[in-house]
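Enquirer: Here you go, one structure.
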Amino acid sequence: MGDWEELGQAVIIGLIFSYLVAKLISIVLSFREDHLKVVRENDLPEVEQGSEEAEKSTEVVSSSSTDGDIARVRDVSGNFLTEGSLLDDDDDWEGIESTELDEMFSAATTFVAATAADRASAKVSNDIQLQLYSLYKISTEGPCTVPQPSALKVAARAKWNAWRKLGAMPPEEAMQKYIEIVEELFPSWSSGSNMKNKNDDVSSSSATRGTMGPVFSSLILEEGSENDLRLDAIHIWAREGEVDGLLKSIETGVSVNLRDSEGRTPLHWAVDRGHLKVTEILLSRNADVNAKDNEGQTSLHYAAVCERHDFAELLVRHGADPGLRDEDGNSPGDLCSSPWNF
Amino acid sequence: MSYRKYDHLPAKFCDDLRLTVVVVLNHRRHPVPNGAVCVSTCRDKPNDHGPKRLNPNSPLRSPSASPDQIVHSLIFPSAQQMSGGDEYSGFAGSSGDDQNPTPSVSNPSSEVAVDPPSIDGASIDAMAHKIQESLSLSKRHRFWETQPVSQFKDLGDTFIPEGPIDPPTPVTEVKKVPYNLPALYEWTTCDIQDDATAAEVYNLLSSNYVEDDENMFRFNYSKEFLCWALRPPGYFKSWHIGVRVKANKKLVAFITGVPAKIRVRTDVILMAEVNFLCVHKKLRSKRLAPVLIKEVTRRIHLEDIWQAAYTAGIVLPTPIATCQYWHRSLNPKKLIDVGFSRLGPRMTMSRTIRLFKLPSLPATPGFRKMELRDIPPVTRLLKEYLSKFAVAPFFDEMDVEHWLLPREDVVNSYLVESPENHEITDFCSFYTLPSSILNNSNHSTLKAAYSFYNISTKTPLQQLMNDALIVAKQKDYDVFNALDAMENESFLKELKFGPGDGMLHYYLYNYRLRYALLPSELGLVLL
């Protein structure tokens with residue numbers, strides 16, 4: 001009899017103990033989430049009401065897709081930029097390339113992510129968040145195939161159920177519905193996201209650099225030792241090929257042979273930068289075609305060094321002397337890397 | 001990889017934790033009220049160096065944040081099991097673009113700075129400064145924080161040993177089947193020796209690979225170059241991975257690895273060099289890049305290789321070295337015409353051209369092209385020379401034959417053979433990487449030479465490199481590019497190289513260095 005009692009006791013104690021262990025495990029499992037809820041409840045009343053929704057919808061709609069979507073907008077804008085160069089191989093992209101719908105969808109998800117991040121944004125109900133979440137999942141990943149989350153995780157389970165419920169909805173339809181919901185919630189969303197697109201155009205440059213692999217680098221402009229060079233307006237007009245400014249300067253009585261601090265005339269500058277029109281005007285205004293700079297070089301030297309054959313011919317026709325030598329004793333022909341006859 | 005340890009956990013469990021972590025991450029973006037419980041607050045560390053904030057995510061792995069660390073390190077298993085999970089959505093950008101500006105959500109006050117450097121302060125400071133510069137917006141590296149790569153906050157921590165981060169696992173435990181792709185696409189292995197495939201790869205890259213910031217140039221690796229770059233001794237065909245559209249078999253994405261013996265300090269490690277990650281411009285919204293990276297990693301693991309080297313133009317966790325590109329104009333007029341360089345308003349074209357003029361013939365007696373018979377002495381020279389650097393390739397004769405024996409329009413190598421005793425004393429090399437010039441009516445291709453490996457024992461390095469410039473000019477290159485790695489800094493300014501706007505960051509996968517290297521400690525060039 002005593003044995004029975006003891007055994008019964010042991011069984012009961014064992015049952016109680018295993019119940020406690022199971023309870024403990026389930027508490028531990030659900031601990032973190034519950035814990036976080038406590039945090040949020042503490043946190044949010046102090047902040048604006050909207051941010052709770054905002055935060056939740058970041059979570060729900062595009063948990064960590066916020067960043068991806070931004071990259072995506074960049075890509076969309078990149079597509080616009082390069083549209084021209086891609087047109088030629090457009091033959092068999094039907095159905096594969098990002099369609100207008102794709103781009104619209106991308107923009108919408110970006111908008112939602114941005115809105116979600118914005119504390120002052122409007123409230124979005126839980127149901128709609130779940131709807132957006134499930135449509136997003138269908139659009140990007142297709143039908144739900146991941147295992148069902150544990151029943152203890154209410155939020156995860158709700159998301160999973162929402163996703164699962166949509167079954168094998170085609171991604172296009174999901175995108176369309178997603179856009180419709182966003183449209184309904186925020187009728188003006190697309191104007192805002194267009195602005196975003198434009199902003200991203202500017203920053204898209206850094207996106208191209210954001211690649212794993214090599215980097216394309218080009219030269220940084222370095223101002224050399226020429227900083228003490230003094231130029232007059234007429235040199236700048238000639239350098240920039242500004243015909244109107246140049247003519248105005250000449251009309252106000254500025255000499256067409258005015259020298260800068262290196263002894264260069266406007267003709268030197270025009271030939272150096274390859275402005276044919278300005279060169280012709282200067283020659284027609286009787287600019288000194290054989291004027292030498294401080295190194296003894298004529299405009300024809302410049303044309304030879306810069307391999308501007310048409311300019312050299314023009315200068316020679318206007319009386320430039322191919323035999324003049326600079327301080328180093330070089331004629332224009334000596335400075336030209338490819339042999340040519342004046 | 002870190003997720004291996006958690007493989008035994010049930011998928012559901014991981015998934016739940018993943019979602020939980022997402023909540024944590026989102027929550028972190030808001031100010032933490034005083035009464036908030038431990039999960040949120042214990043991450044905040046005293047912050048001595050206010051402005052030196054590096055990465056909004058780094059606090060997640062800070063040593064005092066043990067509860068989070070546990071949770072955080074569990075992100076990856078779920079990401080891995082839920083193929084197509086959101087964690088690596090940061091990669092949605094072009095090619096592994098992992099920079100994820102999170103506008104208006106990041107809260108600087110919740111970020112934690114890198115610990116003030118106690119040893120070797122100068123280089124860390126420089127490093128931190130560089131990283132800061134590159135991180136104009138707060139960026140998130142969710143993907144990389146789950147990977148066995150050294151994290152920003154570990155920089156300079158003398159308690160963490162240098163070396164592999166995760167130990168190798170038995171190959172039998174590596175996932176056997178490829179990662180899932182979106183439904184429209186399928187994996188393919190690209191046989192680069194097959195002409196048709198090589199043409200497909202060439203076409204994909206030449207229309208979609210790396211461009212400059214202003215989209216004026218795009219790398220145009222030649223077919224011959226790709227064949228060379230992808231088929232070094234012992235290469236694995238299975239590491240040349242493509243993605244095709246199921247419907248029409250069009251190649252739309254690509255990534256490669258090649259094996260390389262790389263010495264890190266005293267250890268020679270067989271690694272993979274990962275390169276040529278490219279996703280078609282029209283498919284950049286489809287998130288293929290992260291799957292490509294994971295797939296190439298899987299195939300590398302299948303060959304029992306657990307380390308990799310790669311470069312990127314952006315800062316990821318964590319560069320082992322950061323180099324700058326320098327450019328020597330060979331054809332300044334063309335470079336200016338196409339917008340590669342600009343003419344200062346006070347500079348004349350004429351003077352610029354004269355400034356960059358080079359003699360027509362190399363100056364060093366005995367300077368000649370490398371030949372087959374030079375392989376043994378060149379290998380000896382290289383071994384000796386590269387041993388100076390902390391990280392450098394470990395070349396045997398087979399590697400030298402492959403990588404350095406001249407190939408027309410791919411790689412050029414010259415050496416100095418002493419006229420007296422016919423000893424090989426010096427060596428220089430450069431590879432050919434043209435770029436397409438986009439939207440210019442006069443020029444379509446920029447022909448660039450890239451400095452490869454250079455060794456001087458008798459001829460001064462500056463003179464040797466000047467001769468390299470001369471032969472490059474003879475061969476009609478427009479520009480000669482060099483990183484400030486190895487001993488290059490000693491000749492860059494003198495030989496009229498100008499600084500470029502491109503920074504190249506070097507990375508090791510699953511290998512940790514305690515401190516970032518100076519460019520001059522780095523002896524590795526990746527193509």
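As shown in the structure tokens, the chain order sets the letters A, B, ...; within each chain, residues go from 1, and ligands are also counted from 1 in the order they appear.
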Near Val177 in chain B, counting only C-alpha atoms, which residues have an atom at most 10 Å away, once you skip same-chain residues fewer than 5 positions from it, shown as a PyMOL selection string?
Expert: chain B and resi 295+298-299
Enquirer: Need the shell around Leu324 in chain A: protein/DNA/RNA residues with any atom at most 9 Å away, counting only C-alpha atoms. Skip same-chain ones fewer than 6 positions apart. Format as a PyMOL selection string?
Expert: chain A and resi 290+296-298+301+330-332
Enquirer: Among the residues of range 186-255 of chain B, find those DSSP assigns to helix (DSSP H, G or I) from the backbone and print them as a VMD selection string.
Expert: chain B and resid 195 to 208 223 to 230 237 to 239
Enquirer: Could you write out the selected residues, including N, CA and C atoms, as a tab-separated table (two decimals), in the first residue's frame?
Expert:
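Heads up, here's the output in part.tsv:
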chain	number	residue	atom	x	y	z
B	195	ASP	N	33.37	29.12	-77.34
B	195	ASP	CA	33.29	30.44	-77.97
B	195	ASP	C	31.94	31.11	-77.77
B	196	ALA	N	30.89	30.34	-77.96
B	196	ALA	CA	29.55	30.93	-77.86
B	196	ALA	C	29.30	31.43	-76.45
B	197	THR	N	29.69	30.62	-75.44
B	197	THR	CA	29.48	31.03	-74.05
B	197	THR	C	30.33	32.25	-73.73
B	198	ALA	N	31.59	32.22	-74.19
B	198	ALA	CA	32.47	33.35	-73.93
B	198	ALA	C	31.86	34.62	-74.52
B	199	ALA	N	31.26	34.50	-75.69
B	199	ALA	CA	30.65	35.67	-76.32
B	199	ALA	C	29.47	36.16	-75.49
B	200	GLU	N	28.69	35.22	-74.95
B	200	GLU	CA	27.55	35.62	-74.11
B	200	GLU	C	28.02	36.36	-72.87
B	201	VAL	N	29.07	35.80	-72.23
B	201	VAL	CA	29.58	36.43	-71.02
B	201	VAL	C	30.13	37.81	-71.37
B	202	TYR	N	30.87	37.87	-72.48
B	202	TYR	CA	31.43	39.15	-72.90
B	202	TYR	C	30.31	40.17	-73.11
B	203	ASN	N	29.26	39.75	-73.80
B	203	ASN	CA	28.17	40.68	-74.09
B	203	ASN	C	27.47	41.16	-72.82
B	204	LEU	N	27.26	40.23	-71.89
B	204	LEU	CA	26.62	40.61	-70.63
B	204	LEU	C	27.46	41.66	-69.90
B	205	LEU	N	28.77	41.37	-69.78
B	205	LEU	CA	29.63	42.27	-69.02
B	205	LEU	C	29.80	43.60	-69.75
B	206	SER	N	29.99	43.55	-71.06
B	206	SER	CA	30.31	44.80	-71.76
B	206	SER	C	29.10	45.74	-71.77
B	207	SER	N	27.91	45.21	-71.57
B	207	SER	CA	26.74	46.11	-71.51
B	207	SER	C	26.29	46.43	-70.10
B	208	ASN	N	26.75	45.66	-69.12
B	208	ASN	CA	26.15	45.80	-67.79
B	208	ASN	C	27.13	45.87	-66.63
B	223	LYS	N	37.24	39.24	-74.46
B	223	LYS	CA	37.03	37.79	-74.33
B	223	LYS	C	38.33	37.10	-73.93
B	224	GLU	N	39.43	37.53	-74.56
B	224	GLU	CA	40.73	36.91	-74.27
B	224	GLU	C	41.10	37.16	-72.81
B	225	PHE	N	40.78	38.37	-72.34
B	225	PHE	CA	41.08	38.71	-70.96
B	225	PHE	C	40.28	37.81	-70.01
B	226	LEU	N	39.01	37.63	-70.30
B	226	LEU	CA	38.16	36.81	-69.44
B	226	LEU	C	38.66	35.37	-69.40
B	227	CYS	N	39.06	34.88	-70.56
B	227	CYS	CA	39.60	33.53	-70.64
B	227	CYS	C	40.84	33.39	-69.76
B	228	TRP	N	41.65	34.44	-69.79
B	228	TRP	CA	42.88	34.45	-68.99
B	228	TRP	C	42.53	34.56	-67.50
B	229	ALA	N	41.67	35.48	-67.18
B	229	ALA	CA	41.36	35.76	-65.77
B	229	ALA	C	40.65	34.59	-65.10
B	230	LEU	N	39.90	33.82	-65.89
B	230	LEU	CA	39.06	32.79	-65.28
B	230	LEU	C	39.67	31.39	-65.34
B	237	LYS	N	35.72	24.84	-63.10
B	237	LYS	CA	34.68	25.27	-64.04
B	237	LYS	C	33.40	25.62	-63.28
B	238	SER	N	33.16	24.87	-62.21
B	238	SER	CA	31.88	25.06	-61.51
B	238	SER	C	31.81	26.42	-60.81
B	239	TRP	N	32.93	27.12	-60.73
B	239	TRP	CA	32.92	28.43	-60.09
B	239	TRP	C	32.59	29.55	-61.08
Enquirer: Would you kindly return, as a PDB file with N, CA and C atoms, in the first residue's frame, each protein, DNA or RNA residue with an atom no farther than 8 Å from any atom of Pro148 in chain B, considering only C-alpha atoms and excluding same-chain residues fewer than 2 positions away?
Expert:
ATOM      1  N   MET B   1      30.732  28.823 -42.269  1.00  0.00           N
ATOM      2  CA  MET B   1      29.912  30.018 -42.095  1.00  0.00           C
ATOM      3  C   MET B   1      29.129  29.922 -40.796  1.00  0.00           C
ATOM      4  N   SER B   2      28.744  31.066 -40.307  1.00  0.00           N
ATOM      5  CA  SER B   2      28.236  31.117 -38.950  1.00  0.00           C
ATOM      6  C   SER B   2      26.962  30.311 -38.758  1.00  0.00           C
ATOM      7  N   TRP B 144      26.402  41.349 -44.607  1.00  0.00           N
ATOM      8  CA  TRP B 144      27.794  41.108 -44.229  1.00  0.00           C
ATOM      9  C   TRP B 144      27.962  40.883 -42.743  1.00  0.00           C
ATOM     10  N   GLU B 145      27.041  41.380 -41.936  1.00  0.00           N
ATOM     11  CA  GLU B 145      27.183  41.144 -40.509  1.00  0.00           C
ATOM     12  C   GLU B 145      26.842  39.708 -40.138  1.00  0.00           C
ATOM     13  N   THR B 146      26.225  39.013 -41.046  1.00  0.00           N
ATOM     14  CA  THR B 146      25.928  37.611 -40.774  1.00  0.00           C
ATOM     15  C   THR B 146      27.004  36.719 -41.356  1.00  0.00           C
ATOM     16  N   SER B 150      35.473  40.136 -40.726  1.00  0.00           N
ATOM     17  CA  SER B 150      35.701  40.896 -39.503  1.00  0.00           C
ATOM     18  C   SER B 150      34.803  42.122 -39.526  1.00  0.00           C
ATOM     19  N   ILE B 165      38.021  32.910 -39.208  1.00  0.00           N
ATOM     20  CA  ILE B 165      36.971  33.249 -38.261  1.00  0.00           C
ATOM     21  C   ILE B 165      36.169  31.990 -37.902  1.00  0.00           C
ATOM     22  N   ASP B 166      35.717  31.290 -38.909  1.00  0.00           N
ATOM     23  CA  ASP B 166      35.047  30.008 -38.678  1.00  0.00           C
ATOM     24  C   ASP B 166      35.968  28.889 -39.126  1.00  0.00           C
ATOM     25  N   TYR B 509      37.408  37.079 -46.911  1.00  0.00           N
ATOM     26  CA  TYR B 509      36.222  36.406 -46.388  1.00  0.00           C
ATOM     27  C   TYR B 509      36.691  35.311 -45.436  1.00  0.00           C
ATOM     28  N   ASN B 510      36.081  35.293 -44.253  1.00  0.00           N
ATOM     29  CA  ASN B 510      36.430  34.303 -43.236  1.00  0.00           C
ATOM     30  C   ASN B 510      37.912  34.325 -42.870  1.00  0.00           C
ATOM     31  N   TYR B 511      38.464  35.508 -42.762  1.00  0.00           N
ATOM     32  CA  TYR B 511      39.817  35.647 -42.257  1.00  0.00           C
ATOM     33  C   TYR B 511      39.906  37.038 -41.643  1.00  0.00           C
TER      34      TYR B 511
END
Enquirer: Which one is closest to chain A: B:His301, B:Arg346, B:Arg231, B:Lys246? Count only C-alpha atoms.
Expert: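 Once distances to chain A are computed over only C-alpha atoms, the minimum belongs to B:Arg346.
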Enquirer: Kindly give the distance, in Å, that separates CA of Asn257 in chain A and CA of Ala287 in chain A, rounded to a single decimal.
Expert: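 Between these atoms lies a distance of 5.9 Å.
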Enquirer: Counting only C-alpha atoms, figure out which residue out of B:Ala363, B:Leu184, B:Ile437, B:Leu495 gets nearest to Ala247 in chain B.
Expert: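 Distance minimum relative to Ala247 in chain B lands on B:Leu184.
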Enquirer: If we count only C-alpha atoms, what is near range 517-521 of chain B at a cut-off of 6 Å, once residues fewer than 3 positions away on the same chain are taken out, given as a list in words?
Expert: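 Counting only the stated atoms, we get Ile320, Ala321, Cys323, Phe389, Ala390, Ala485, Met486 and Glu487 of chain B.
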Enquirer: Include N, CA and C atoms and write out the residues we just selected as a JSON list (two decimals), in the first residue's frame.
Expert:
[["chain", "number", "residue", "atom", "x", "y", "z"],
["B", 320, "ILE", "N", 40.56, 45.09, -45.50],
["B", 320, "ILE", "CA", 41.89, 44.82, -44.96],
["B", 320, "ILE", "C", 42.86, 45.89, -45.44],
["B", 321, "ALA", "N", 42.49, 46.58, -46.50],
["B", 321, "ALA", "CA", 43.31, 47.69, -46.98],
["B", 321, "ALA", "C", 42.45, 48.53, -47.90],
["B", 323, "CYS", "N", 42.97, 51.21, -51.05],
["B", 323, "CYS", "CA", 43.94, 51.80, -51.97],
["B", 323, "CYS", "C", 43.26, 52.85, -52.82],
["B", 389, "PHE", "N", 55.50, 41.93, -48.25],
["B", 389, "PHE", "CA", 54.17, 42.47, -47.96],
["B", 389, "PHE", "C", 53.38, 41.54, -47.04],
["B", 390, "ALA", "N", 52.46, 42.12, -46.31],
["B", 390, "ALA", "CA", 51.69, 41.34, -45.35],
["B", 390, "ALA", "C", 50.71, 40.40, -46.05],
["B", 485, "ALA", "N", 49.29, 50.70, -53.95],
["B", 485, "ALA", "CA", 49.71, 49.51, -53.20],
["B", 485, "ALA", "C", 51.22, 49.26, -53.42],
["B", 486, "MET", "N", 51.72, 48.27, -52.75],
["B", 486, "MET", "CA", 53.14, 47.88, -52.84],
["B", 486, "MET", "C", 54.03, 49.12, -52.71],
["B", 487, "GLU", "N", 55.03, 49.23, -53.57],
["B", 487, "GLU", "CA", 55.92, 50.38, -53.45],
["B", 487, "GLU", "C", 55.58, 51.46, -54.46]]
Enquirer: Contacts of range 273-281 of chain A at 8 Å or less, counting only C-alpha atoms, minus same-chain residues fewer than 5 places along, as a ChimeraX atom specification?
Expert: /A:238-243,246,267,308,311 /B:348-349
Enquirer: Go ahead and write the selection's residues with N, CA and C atoms as a PDB file, in the first residue's frame.
Expert:
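See out_14.pdb below for the written result:
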ATOM      1  N   ALA A 238      37.420  83.655 -75.617  1.00  0.00           N
ATOM      2  CA  ALA A 238      38.082  82.850 -76.652  1.00  0.00           C
ATOM      3  C   ALA A 238      38.251  81.415 -76.170  1.00  0.00           C
ATOM      4  N   ARG A 239      38.628  81.237 -74.912  1.00  0.00           N
ATOM      5  CA  ARG A 239      38.844  79.907 -74.356  1.00  0.00           C
ATOM      6  C   ARG A 239      37.547  79.114 -74.338  1.00  0.00           C
ATOM      7  N   GLU A 240      36.457  79.801 -73.988  1.00  0.00           N
ATOM      8  CA  GLU A 240      35.186  79.096 -73.866  1.00  0.00           C
ATOM      9  C   GLU A 240      34.410  79.042 -75.174  1.00  0.00           C
ATOM     10  N   GLY A 241      34.923  79.680 -76.224  1.00  0.00           N
ATOM     11  CA  GLY A 241      34.223  79.654 -77.517  1.00  0.00           C
ATOM     12  C   GLY A 241      32.958  80.484 -77.525  1.00  0.00           C
ATOM     13  N   GLU A 242      32.915  81.536 -76.681  1.00  0.00           N
ATOM     14  CA  GLU A 242      31.716  82.382 -76.593  1.00  0.00           C
ATOM     15  C   GLU A 242      31.801  83.495 -77.632  1.00  0.00           C
ATOM     16  N   VAL A 243      31.152  83.280 -78.761  1.00  0.00           N
ATOM     17  CA  VAL A 243      31.261  84.232 -79.862  1.00  0.00           C
ATOM     18  C   VAL A 243      30.707  85.607 -79.476  1.00  0.00           C
ATOM     19  N   LEU A 246      32.844  87.558 -77.077  1.00  0.00           N
ATOM     20  CA  LEU A 246      34.076  87.957 -77.747  1.00  0.00           C
ATOM     21  C   LEU A 246      33.816  89.198 -78.602  1.00  0.00           C
ATOM     22  N   LEU A 267      43.811  84.417 -79.795  1.00  0.00           N
ATOM     23  CA  LEU A 267      43.952  83.418 -80.848  1.00  0.00           C
ATOM     24  C   LEU A 267      44.610  82.136 -80.322  1.00  0.00           C
ATOM     25  N   ARG A 308      45.578  69.761 -84.246  1.00  0.00           N
ATOM     26  CA  ARG A 308      44.371  70.310 -84.858  1.00  0.00           C
ATOM     27  C   ARG A 308      44.721  70.711 -86.292  1.00  0.00           C
ATOM     28  N   PHE A 311      42.824  73.571 -88.017  1.00  0.00           N
ATOM     29  CA  PHE A 311      43.214  74.881 -87.509  1.00  0.00           C
ATOM     30  C   PHE A 311      44.552  75.301 -88.120  1.00  0.00           C
TER      31      PHE A 311
ATOM     32  N   THR B 348      46.620  75.202 -70.544  1.00  0.00           N
ATOM     33  CA  THR B 348      46.367  75.022 -71.975  1.00  0.00           C
ATOM     34  C   THR B 348      46.538  73.560 -72.352  1.00  0.00           C
ATOM     35  N   MET B 349      45.809  73.170 -73.364  1.00  0.00           N
ATOM     36  CA  MET B 349      45.934  71.824 -73.911  1.00  0.00           C
ATOM     37  C   MET B 349      47.376  71.609 -74.372  1.00  0.00           C
TER      38      MET B 349
END
Enquirer: Taking the DSSP assignment computed from this structure's backbone, write out as a PyMOL selection string all residues of range 141-363 of chain B that belong to strand (DSSP E).
Expert: chain B and resi 185-189+217-219+240-245+251-264+267-279+308-312+321-329
Enquirer: When you look at Arg317 in chain A with a cut-off of 12 Å (counting only C-alpha atoms), what residues show up, excluding the ones that are within fewer than 5 positions of it in the same chain? I need them as an MDAnalysis selection string.
Expert: chainID A and resid 280 283:284 289 300 310:312 322 342
